[in-house]
Each structure stands twice: as C-alpha cells, then as structure tokens.
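Asker: One structure, pasted below without further comment.
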Amino acid sequence: MTDLTLLTRDGCRLCDKMKAVVSRVQYAHPLILREVDISTRPELKRRFGTEIPVLLRGDDVIARHRVTERELLEALRGGR
C-alpha cells in the first residue's frame with residue numbers, strides 16, 4: 001500500500017480534480033491519501049505557495065498542478 005499526501009487549500013479546483021484522479025487510480029493501485037491544507041501549515045505555504053496541488057510520496061513530489069491517471073500510475077510503479 002502506498003501512502004500519498006495531497007497538499008491543498010480550501011476552494012482549490014485543481015486540487016479537487018487531482019483528488020478525483022487519485023480516487024480513480026486507487027482501484028488499480030492500493031493507496032492511502034492524506035490531505036493537508038497548506039494554509040494551516042506555514043512551512044508548507046512558504047515552500048509550495050501557489051504551486052498546489054502537490055502530490056507527495058513521502059518527501060518526493062510526484063505531481064504538481066495536474067496529473068493524469070496514466071501519469072500517476074507510472075509514478076506509483078516507479079516510472080517517475
């Protein structure tokens with residue numbers, strides 16, 4: 001099982017779209033998604049600011065702004 005973190009903030013439409021992609025990918029690749037609102041974490045807000053959504057596996061960024069199901073599956077399988 002893969003643990004992912006989605007950096008988001010309230011009202012972020014791209015974040016909602018990325019979350020939907022992750023939800024669809026869960027059927028092919030078991031994972032746990034944790035969402036973190038960067039507006040509640042000053043260090044994340046400074047680091048990522050307007051770059052959200054950001055999808056992390058551990059400390060590694062595997063997607064910024066947009067990701068397709070195919071791209072995400074490749075990243076989860078080690079292709080990225």
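Going by the structure tokens order, chains are called A, B, ..., each with residues numbered from 1, while ligands are numbered from 1 in the order shown.
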Need the shell around Met1 of chain A: protein/DNA/RNA residues with any atom at most 12 Å away, counting only C-alpha atoms. Skip same-chain ones fewer than 6 positions apart. Format as number ranges by chain?
Answerer: A: 26-33, 57, 76-77
Asker: Kindly assemble as JSON lines a list of the segment 53-79 of chain A residues that lie within 12 Å of segment 34-46 of chain A, each paired with its nearest atom pair and their distance in Å to one decimal, using only C-alpha atoms, sorted first by chain and then by ascending residue number.
Answerer:
```
{"residue": "A:Pro53", "atom": "CA", "partner": "A:Ile38", "partner_atom": "CA", "distance": 9.8}
{"residue": "A:Val54", "atom": "CA", "partner": "A:Val36", "partner_atom": "CA", "distance": 10.0}
{"residue": "A:Leu55", "atom": "CA", "partner": "A:Glu35", "partner_atom": "CA", "distance": 9.3}
{"residue": "A:Leu56", "atom": "CA", "partner": "A:Arg34", "partner_atom": "CA", "distance": 9.7}
{"residue": "A:Arg57", "atom": "CA", "partner": "A:Arg34", "partner_atom": "CA", "distance": 10.4}
{"residue": "A:Gly58", "atom": "CA", "partner": "A:Arg34", "partner_atom": "CA", "distance": 11.1}
{"residue": "A:Asp59", "atom": "CA", "partner": "A:Leu44", "partner_atom": "CA", "distance": 11.9}
```
Asker: Go ahead and save the picked residues with C-alpha atoms, as a compact mmCIF listing (two decimals), in the first residue's frame.
Answerer:
```txt
# COMPACT_ATOMS: atom_id res chain seq x y z
CA PRO A 53 -1.99 20.93 -5.75
CA VAL A 54 1.13 18.96 -4.99
CA LEU A 55 1.08 15.20 -4.59
CA LEU A 56 3.80 13.71 -2.41
CA ARG A 57 5.00 10.20 -1.75
CA GLY A 58 6.98 10.67 1.44
CA ASP A 59 9.08 13.77 0.77
```
Asker: Please provide as a list in words all residues within 7 Å of Val25 of chain A, with the sequence filter that same-chain residues fewer than 4 positions apart are discarded (counting only C-alpha atoms).
Answerer: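 That gives Val21, His29, Glu69 and Leu73 of chain A.
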Asker: Can you write out the residues you just picked, keeping N, CA, C and O atoms, as a CSV table (one decimal), in the first residue's frame?
Answerer:
```
chain,number,residue,atom,x,y,z
A,21,VAL,N,-8.6,12.1,-9.6
A,21,VAL,CA,-7.7,11.2,-10.3
A,21,VAL,C,-7.2,10.2,-9.4
A,21,VAL,O,-7.1,9.0,-9.7
A,29,HIS,N,-4.3,0.6,-8.0
A,29,HIS,CA,-3.1,0.6,-7.1
A,29,HIS,C,-3.5,1.0,-5.7
A,29,HIS,O,-3.9,2.2,-5.5
A,69,GLU,N,-4.4,9.9,-14.9
A,69,GLU,CA,-4.4,8.6,-14.3
A,69,GLU,C,-3.1,7.8,-14.7
A,69,GLU,O,-2.5,7.2,-13.9
A,73,LEU,N,-0.2,6.5,-12.3
A,73,LEU,CA,0.1,5.0,-12.2
A,73,LEU,C,1.6,4.8,-12.5
A,73,LEU,O,2.3,4.0,-11.8
```
Asker: Nearest to Cys15 of chain A: which of A:Thr2, A:Ile52, A:Ala75, A:Asp60 is it, counting only C-alpha atoms?
Answerer: A:Ile52
Asker: Could you please write out, as number ranges by chain, every residue of chain A that DSSP assigns to strand (DSSP E)?
Answerer: A: 2-8, 31-37, 54-57, 60-64
Asker: My list of candidates is A:Asp3, A:Lys19, A:Glu51, A:Arg13. Which is closest to Arg64 of chain A when distances are computed with only C-alpha atoms?
Answerer: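 Ranked by minimum distance to Arg64 of chain A, first place goes to A:Glu51.
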Asker: Excluding Arg66 of chain A and residues on its chain fewer than 2 positions from it, collect all residues at most 8 Å away from it, counting only C-alpha atoms, and give them as a list in words.
Answerer: Leu14, Lys17, Met18, Pro53, Ala63, Arg64 and Thr68 of chain A
Asker: Write the residues of the selection above to a file with N, CA, C and O atoms, as a short mmCIF file (atom, residue, chain, number, x, y, z; two decimals), in the first residue's frame.
Answerer:
```
data_model
loop_
_atom_site.label_atom_id
_atom_site.label_comp_id
_atom_site.auth_asym_id
_atom_site.auth_seq_id
_atom_site.Cartn_x
_atom_site.Cartn_y
_atom_site.Cartn_z
N LEU A 14 -8.26 22.82 -8.89
CA LEU A 14 -7.28 21.85 -9.39
C LEU A 14 -7.03 20.75 -8.36
O LEU A 14 -6.80 19.60 -8.72
N LYS A 17 -9.72 18.23 -8.68
CA LYS A 17 -9.50 17.39 -9.86
C LYS A 17 -8.42 16.35 -9.60
O LYS A 17 -8.55 15.19 -9.98
N MET A 18 -7.32 16.75 -8.94
CA MET A 18 -6.27 15.80 -8.65
C MET A 18 -6.76 14.73 -7.68
O MET A 18 -6.45 13.55 -7.83
N PRO A 53 -2.21 22.08 -6.62
CA PRO A 53 -1.99 20.93 -5.75
C PRO A 53 -0.62 20.30 -5.99
O PRO A 53 -0.09 20.33 -7.10
N ALA A 63 3.72 14.85 -8.36
CA ALA A 63 2.88 15.60 -9.29
C ALA A 63 2.63 17.00 -8.74
O ALA A 63 2.49 17.18 -7.53
N ARG A 64 2.60 17.96 -9.66
CA ARG A 64 2.23 19.34 -9.34
C ARG A 64 1.16 19.79 -10.33
O ARG A 64 1.25 19.47 -11.51
N THR A 68 -2.52 12.98 -14.88
CA THR A 68 -3.48 12.06 -15.47
C THR A 68 -3.41 10.73 -14.71
O THR A 68 -2.45 10.47 -13.98
#
```
Asker: Identify which of the residues A:Val61, A:Val22, A:Val67, A:Leu72 lies closest to Phe48 of chain A, counting only C-alpha atoms when measuring atom-to-atom distances.
Answerer: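 That would be A:Val61, the residue with the smallest distance to Phe48 of chain A.
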